[in-house]
Structures are given as structure tokens and as C-alpha cells.
file upload31.pdb (PDB, C-alpha atoms)
ATOM      1  CA  MET A   1      29.707   9.164  -4.305
ATOM      2  CA  VAL A   2      31.591  11.827  -2.389
ATOM      3  CA  ILE A   3      30.317  13.125   0.959
ATOM      4  CA  GLY A   4      32.614  15.719   2.493
ATOM      5  CA  ASP A   5      36.165  14.358   2.121
ATOM      6  CA  SER A   6      35.231  10.657   1.989
ATOM      7  CA  ALA A   7      33.852   8.608  -0.870
ATOM      8  CA  VAL A   8      30.892   6.516   0.297
ATOM      9  CA  SER A   9      31.650   2.978  -0.778
ATOM     10  CA  HIS A  10      29.163   0.320   0.314
ATOM     11  CA  LEU A  11      26.475  -0.910   2.725
ATOM     12  CA  LEU A  12      26.650  -3.888   5.057
ATOM     13  CA  ILE A  13      23.428  -5.349   6.468
ATOM     14  CA  ASP A  14      24.037  -7.746   9.352
ATOM     15  CA  ILE A  15      20.943  -9.900   9.873
ATOM     16  CA  ALA A  16      22.119 -11.394  13.190
ATOM     17  CA  ARG A  17      22.843  -7.952  14.680
ATOM     18  CA  GLN A  18      19.894  -6.211  12.925
ATOM     19  CA  ARG A  19      22.240  -3.403  11.841
ATOM     20  CA  LEU A  20      22.876  -1.545   8.601
ATOM     21  CA  GLN A  21      26.244   0.153   8.254
ATOM     22  CA  LEU A  22      27.489   2.620   5.640
ATOM     23  CA  PHE A  23      31.212   2.551   4.846
ATOM     24  CA  ASP A  24      33.473   5.028   3.097
ATOM     25  CA  GLY A  25      36.187   4.163   0.568
ATOM     26  CA  SER A  26      38.671   3.484   3.393
ATOM     27  CA  SER A  27      36.268   0.950   4.985
ATOM     28  CA  VAL A  28      35.533   3.315   7.868
ATOM     29  CA  CYS A  29      31.952   3.101   9.147
ATOM     30  CA  VAL A  30      30.310   6.489   8.558
ATOM     31  CA  GLY A  31      26.732   5.467   9.425
ATOM     32  CA  ASP A  32      25.278   2.781  11.714
ATOM     33  CA  TYR A  33      21.525   2.130  11.941
ATOM     34  CA  SER A  34      19.204  -0.303  13.665
ATOM     35  CA  VAL A  35      16.979  -2.204  11.202
ATOM     36  CA  SER A  36      14.347  -4.910  11.111
ATOM     37  CA  THR A  37      14.848  -7.769   8.646
ATOM     38  CA  ALA A  38      12.580 -10.758   7.946
ATOM     39  CA  ARG A  39      10.543 -12.460  10.633
ATOM     40  CA  ASN A  40      11.228 -15.711   8.710
ATOM     41  CA  GLY A  41      15.001 -15.246   8.926
ATOM     42  CA  ALA A  42      17.534 -15.357   6.119
ATOM     43  CA  GLY A  43      16.858 -17.058   2.812
ATOM     44  CA  GLU A  44      16.734 -16.504  -0.898
ATOM     45  CA  CYS A  45      13.783 -18.521  -2.253
ATOM     46  CA  ASP A  46      10.783 -16.848  -3.880
ATOM     47  CA  GLY A  47       7.793 -16.745  -1.547
ATOM     48  CA  SER A  48       9.881 -17.509   1.551
ATOM     49  CA  GLY A  49       9.342 -14.164   3.281
ATOM     50  CA  CYS A  50      13.057 -14.260   4.128
ATOM     51  CA  THR A  51      15.773 -11.623   3.735
ATOM     52  CA  PRO A  52      18.197 -12.675   0.983
ATOM     53  CA  ARG A  53      21.902 -12.927   1.761
ATOM     54  CA  GLY A  54      24.976 -12.265  -0.331
ATOM     55  CA  GLN A  55      26.252  -9.612  -2.683
ATOM     56  CA  HIS A  56      23.712  -7.098  -3.944
ATOM     57  CA  TYR A  57      23.669  -3.602  -5.374
ATOM     58  CA  ILE A  58      21.253  -0.683  -5.332
ATOM     59  CA  ARG A  59      19.268  -0.956  -8.558
ATOM     60  CA  VAL A  60      16.640   1.769  -8.055
ATOM     61  CA  MET A  61      16.085   4.603  -5.575
ATOM     62  CA  ILE A  62      12.515   5.869  -5.212
ATOM     63  CA  GLY A  63      11.004   8.753  -3.271
ATOM     64  CA  ALA A  64      13.549  11.567  -3.418
ATOM     65  CA  GLY A  65      11.816  14.777  -2.368
ATOM     66  CA  GLN A  66       8.750  13.052  -0.910
ATOM     67  CA  PRO A  67       7.649  14.166   2.576
ATOM     68  CA  LEU A  68       8.634  12.117   5.615
ATOM     69  CA  ASN A  69       6.124   9.274   6.186
ATOM     70  CA  SER A  70       4.872   9.346   2.567
ATOM     71  CA  VAL A  71       2.998   6.117   1.804
ATOM     72  CA  PHE A  72       4.046   3.996  -1.191
ATOM     73  CA  ARG A  73       2.050   1.247  -2.907
ATOM     74  CA  GLY A  74       3.445  -0.498  -5.944
ATOM     75  CA  ARG A  75       6.529   1.737  -5.613
ATOM     76  CA  ARG A  76       4.450   4.856  -6.206
ATOM     77  CA  PRO A  77       3.518   7.527  -3.666
ATOM     78  CA  THR A  78      -0.197   7.392  -2.841
ATOM     79  CA  GLY A  79      -0.364  11.019  -1.699
ATOM     80  CA  GLU A  80      -1.085   9.818   1.846
ATOM     81  CA  ILE A  81       1.050  10.629   4.869
ATOM     82  CA  TYR A  82       1.164   7.826   7.415
ATOM     83  CA  ASN A  83      -0.512   8.546  10.759
ATOM     84  CA  PRO A  84      -2.300   6.449  13.421
ATOM     85  CA  GLU A  85      -5.747   7.131  11.927
ATOM     86  CA  LEU A  86      -4.635   5.878   8.502
ATOM     87  CA  ALA A  87      -3.154   2.779  10.148
ATOM     88  CA  LEU A  88      -6.463   2.047  11.889
ATOM     89  CA  ALA A  89      -8.372   2.477   8.628
ATOM     90  CA  HIS A  90      -6.047   0.035   6.793
ATOM     91  CA  PRO A  91      -4.812  -2.608   9.274
ATOM     92  CA  GLU A  92      -3.990  -5.059   6.455
ATOM     93  CA  ARG A  93      -1.268  -2.904   4.863
ATOM     94  CA  ASP A  94       2.445  -3.653   5.124
ATOM     95  CA  TRP A  95       3.503  -0.004   5.298
ATOM     96  CA  ILE A  96       6.282   1.139   2.962
ATOM     97  CA  LEU A  97       7.115   4.716   3.910
ATOM     98  CA  SER A  98       9.343   7.707   3.044
ATOM     99  CA  ARG A  99      11.854   6.141   0.590
ATOM    100  CA  ILE A 100      12.520   2.872  -1.263
ATOM    101  CA  VAL A 101      15.980   1.517  -2.030
ATOM    102  CA  TRP A 102      15.356  -1.472  -4.340
ATOM    103  CA  LEU A 103      18.057  -4.136  -4.244
ATOM    104  CA  CYS A 104      19.283  -6.498  -6.951
ATOM    105  CA  GLY A 105      21.352  -9.633  -6.375
ATOM    106  CA  ARG A 106      24.773 -10.104  -7.992
ATOM    107  CA  GLN A 107      25.177 -13.878  -7.548
ATOM    108  CA  TRP A 108      23.528 -16.076 -10.174
ATOM    109  CA  GLY A 109      21.679 -18.983  -8.569
ATOM    110  CA  VAL A 110      22.114 -17.490  -5.085
ATOM    111  CA  ASN A 111      20.199 -14.185  -5.134
ATOM    112  CA  ARG A 112      19.769 -13.632  -8.870
ATOM    113  CA  GLY A 113      17.924 -15.736 -11.405
ATOM    114  CA  PRO A 114      14.968 -18.138 -11.368
ATOM    115  CA  GLY A 115      13.527 -18.911  -7.937
ATOM    116  CA  VAL A 116      15.907 -16.683  -5.975
ATOM    117  CA  ASP A 117      15.900 -13.242  -7.617
ATOM    118  CA  THR A 118      16.120 -10.436  -5.049
ATOM    119  CA  PHE A 119      14.963  -7.793  -7.540
ATOM    120  CA  ARG A 120      11.941  -9.817  -8.693
ATOM    121  CA  ARG A 121      11.115 -10.545  -5.043
ATOM    122  CA  PHE A 122      10.808  -6.765  -4.529
ATOM    123  CA  ILE A 123      13.340  -6.664  -1.693
ATOM    124  CA  TYR A 124      13.798  -3.076  -0.513
ATOM    125  CA  ILE A 125      15.325  -1.013   2.214
ATOM    126  CA  HIS A 126      12.323   1.115   3.205
ATOM    127  CA  GLY A 127      10.775   3.187   5.961
ATOM    128  CA  THR A 128       8.239   1.759   8.381
ATOM    129  CA  PRO A 129       5.914   3.244  11.028
ATOM    130  CA  ASP A 130       7.773   4.577  14.075
ATOM    131  CA  THR A 131       5.629   2.267  16.219
ATOM    132  CA  GLU A 132       7.388  -0.773  14.699
ATOM    133  CA  PRO A 133      10.383  -1.981  16.704
ATOM    134  CA  MET A 134      13.887  -1.910  15.261
ATOM    135  CA  GLY A 135      16.460  -4.540  16.179
ATOM    136  CA  THR A 136      13.777  -7.244  15.946
ATOM    137  CA  PRO A 137      13.181  -9.281  12.764
ATOM    138  CA  LEU A 138       9.554  -8.567  11.772
ATOM    139  CA  SER A 139       9.473  -7.774   8.032
ATOM    140  CA  HIS A 140       8.206  -9.881   5.125
ATOM    141  CA  GLY A 141      11.733 -10.010   3.640
ATOM    142  CA  CYS A 142      12.669  -6.365   3.238
ATOM    143  CA  VAL A 143      14.978  -4.308   5.434
ATOM    144  CA  ARG A 144      12.911  -1.818   7.440
ATOM    145  CA  MET A 145      14.333   1.393   8.886
ATOM    146  CA  ARG A 146      13.176   4.373  10.907
ATOM    147  CA  ASN A 147      11.977   7.038   8.481
ATOM    148  CA  THR A 148      14.352   9.778   9.652
ATOM    149  CA  ASP A 149      17.305   7.365   9.462
ATOM    150  CA  LEU A 150      16.303   6.257   5.971
ATOM    151  CA  VAL A 151      15.949   9.811   4.641
ATOM    152  CA  THR A 152      19.412  10.644   6.008
ATOM    153  CA  LEU A 153      20.914   7.466   4.538
ATOM    154  CA  PHE A 154      19.103   7.853   1.185
ATOM    155  CA  ALA A 155      20.836  11.195   0.576
ATOM    156  CA  ARG A 156      24.201   9.408   0.807
ATOM    157  CA  LEU A 157      23.427   6.537  -1.576
ATOM    158  CA  GLN A 158      23.467   6.105  -5.328
ATOM    159  CA  PRO A 159      22.352   3.424  -7.775
ATOM    160  CA  GLY A 160      25.013   0.791  -8.346
ATOM    161  CA  MET A 161      26.388   0.995  -4.799
ATOM    162  CA  PRO A 162      27.345  -2.454  -3.421
ATOM    163  CA  VAL A 163      25.269  -3.911  -0.594
ATOM    164  CA  MET A 164      26.358  -7.019   1.337
ATOM    165  CA  ILE A 165      23.722  -8.856   3.368
ATOM    166  CA  CYS A 166      25.016 -11.476   5.778
TER     167      CYS A 166
END
call {"tool": "encode", "arguments": {"input": "upload31.pdb", "output": "C-alpha cells"}}
result
Amino acid sequence: MVIGDSAVSHLLIDIARQRLQLFDGSSVCVGDYSVSTARNGAGECDGSGCTPRGQHYIRVMIGAGQPLNSVFRGRRPTGEIYNPELALAHPERDWILSRIVWLCGRQWGVNRGPGVDTFRRFIYIHGTPDTEPMGTPLSHGCVRMRNTDLVTLFARLQPGMPVMIC
């Protein structure tokens, strides 16, 4: 994908630093964002609530054109826009907002295949309420981002783009 004069090449998600970085084709960082990965740490097993490591790629991008803070359930927009009143009415929800970047593992037996499949675990990069802290691992396995950051990043991504999680 070409943005300006530089081809956007890949994403790096650093679990220890709680950072997501976007690199161009010359391996120059062209975007650096604070994220929140899994409260349970790194890991690949189904049901672990962990963020999977290794080589991945963007399989599906969902939500282009949706308003900021759009609520998604089952990867579909509900028509709701997240706000504090909605949060109070539904305290049980794990809010998935604004955009969804659905990841798929590339390494058989590590993050792809029976018992460890990132795609079948529904691991996304997605927006979260602005009240949730970034830089602190609190998700159920996904990579959470600020909504404005995610919308900006989303416009620079494309399906098939490599994503390394370490």
C-alpha cells in the first residue's frame, strides 16, 4: 500500500512495551501507538485470554466508513454509538468500537491450526472506550487502541499486510 512516497509494509506489536508500530518499505517507523494487550499476558492457546505471538497477517478489515465510537457485536455494527450512558446500561459488554482489524496466524502449530488458531480465537486490533487505559494489559486477548488512533491507522492498512506480535 502506498501512502505519500512510502509503501506501508508491516505492523509490529510489542507486548512488553504495549506499543503498535507501523513501518514503511524501508523499515522506517511511520506510526507509533500505545495499545492494551491481554491481561493474561502472551499465549496462543484457545480459551487462554492471552495475546498470541508470532507472525500474523491482516485477514479482514471491518468498519470502514462507520462513525467514531460505533459499537460492534459479532463483527457487525449495532447502530449504537458508545457513550457513558450506554456503558452504564450494559456493564457486562467487552466494548469493540470504531473498527476491527481481524488477524490470522501464519505459523502452523504456533498461532494457526487446532488449539492455537488466532483467526478462530477472534483476535482483533479494535477500538475501546476512551476511559480504558492504554499502555496497560487489560484485554481478553485482543489488541485495544484509542478510537482516533485506530481510525487513522485503519486508513493505512490493507488485507494481507504482515503483523508481528512479540
call {"tool": "residues_around", "arguments": {"input": "upload31.pdb", "residues": "region 37-39 of chain A", "least_positions_apart": "4", "cutoff": "7 Å", "atoms": "only C-alpha atoms", "output": "VMD selection string"}}
result
chain A and resid 15 18 49 to 51 137 to 144
call {"tool": "resolve_selection", "arguments": {"input": "upload31.pdb", "expression": "the PyMOL selection byres ((chain A and resi 27) around 10)", "output": "list in words"}}
result
Ala7, Val8, Ser9, His10, Leu22, Phe23, Asp24, Gly25, Ser26, Val28, Cys29 and Val30 of chain A
call {"tool": "residues_around", "arguments": {"input": "upload31.pdb", "residues": "Thr152 (chain A)", "least_positions_apart": "3", "cutoff": "12 Å", "atoms": "all atoms listed in the file", "output": "list in words"}}
result
Leu22, Val30, Gly31, Asp32, Tyr33, Ala64, Leu68, Ser98, Arg99, Gly127, Met145, Arg146, Asn147, Thr148, Asp149, Ala155, Arg156 and Leu157 of chain A
call {"tool": "closest_atom_pairs", "arguments": {"input": "upload31.pdb", "of": "region 43-71 of chain A", "to": "region 107-113 of chain A", "cutoff": "9 Å", "atoms": "only C-alpha atoms", "output": "Markdown table"}}
result
| residue | atom | partner | partner_atom | distance |
| --- | --- | --- | --- | --- |
| A:Glu44 | CA | A:Asn111 | CA | 5.9 |
| A:Cys45 | CA | A:Asn111 | CA | 8.3 |
| A:Pro52 | CA | A:Asn111 | CA | 6.6 |
| A:Arg53 | CA | A:Asn111 | CA | 7.2 |
| A:Gly54 | CA | A:Asn111 | CA | 7.0 |
| A:Gln55 | CA | A:Gln107 | CA | 6.6 |
| A:His56 | CA | A:Gln107 | CA | 7.8 |
call {"tool": "resolve_selection", "arguments": {"input": "upload31.pdb", "expression": "the PyMOL selection byres ((chain A and resi 73) around 10)", "output": "ChimeraX atom specification"}}
result
/A:71-72,74-78,93-97
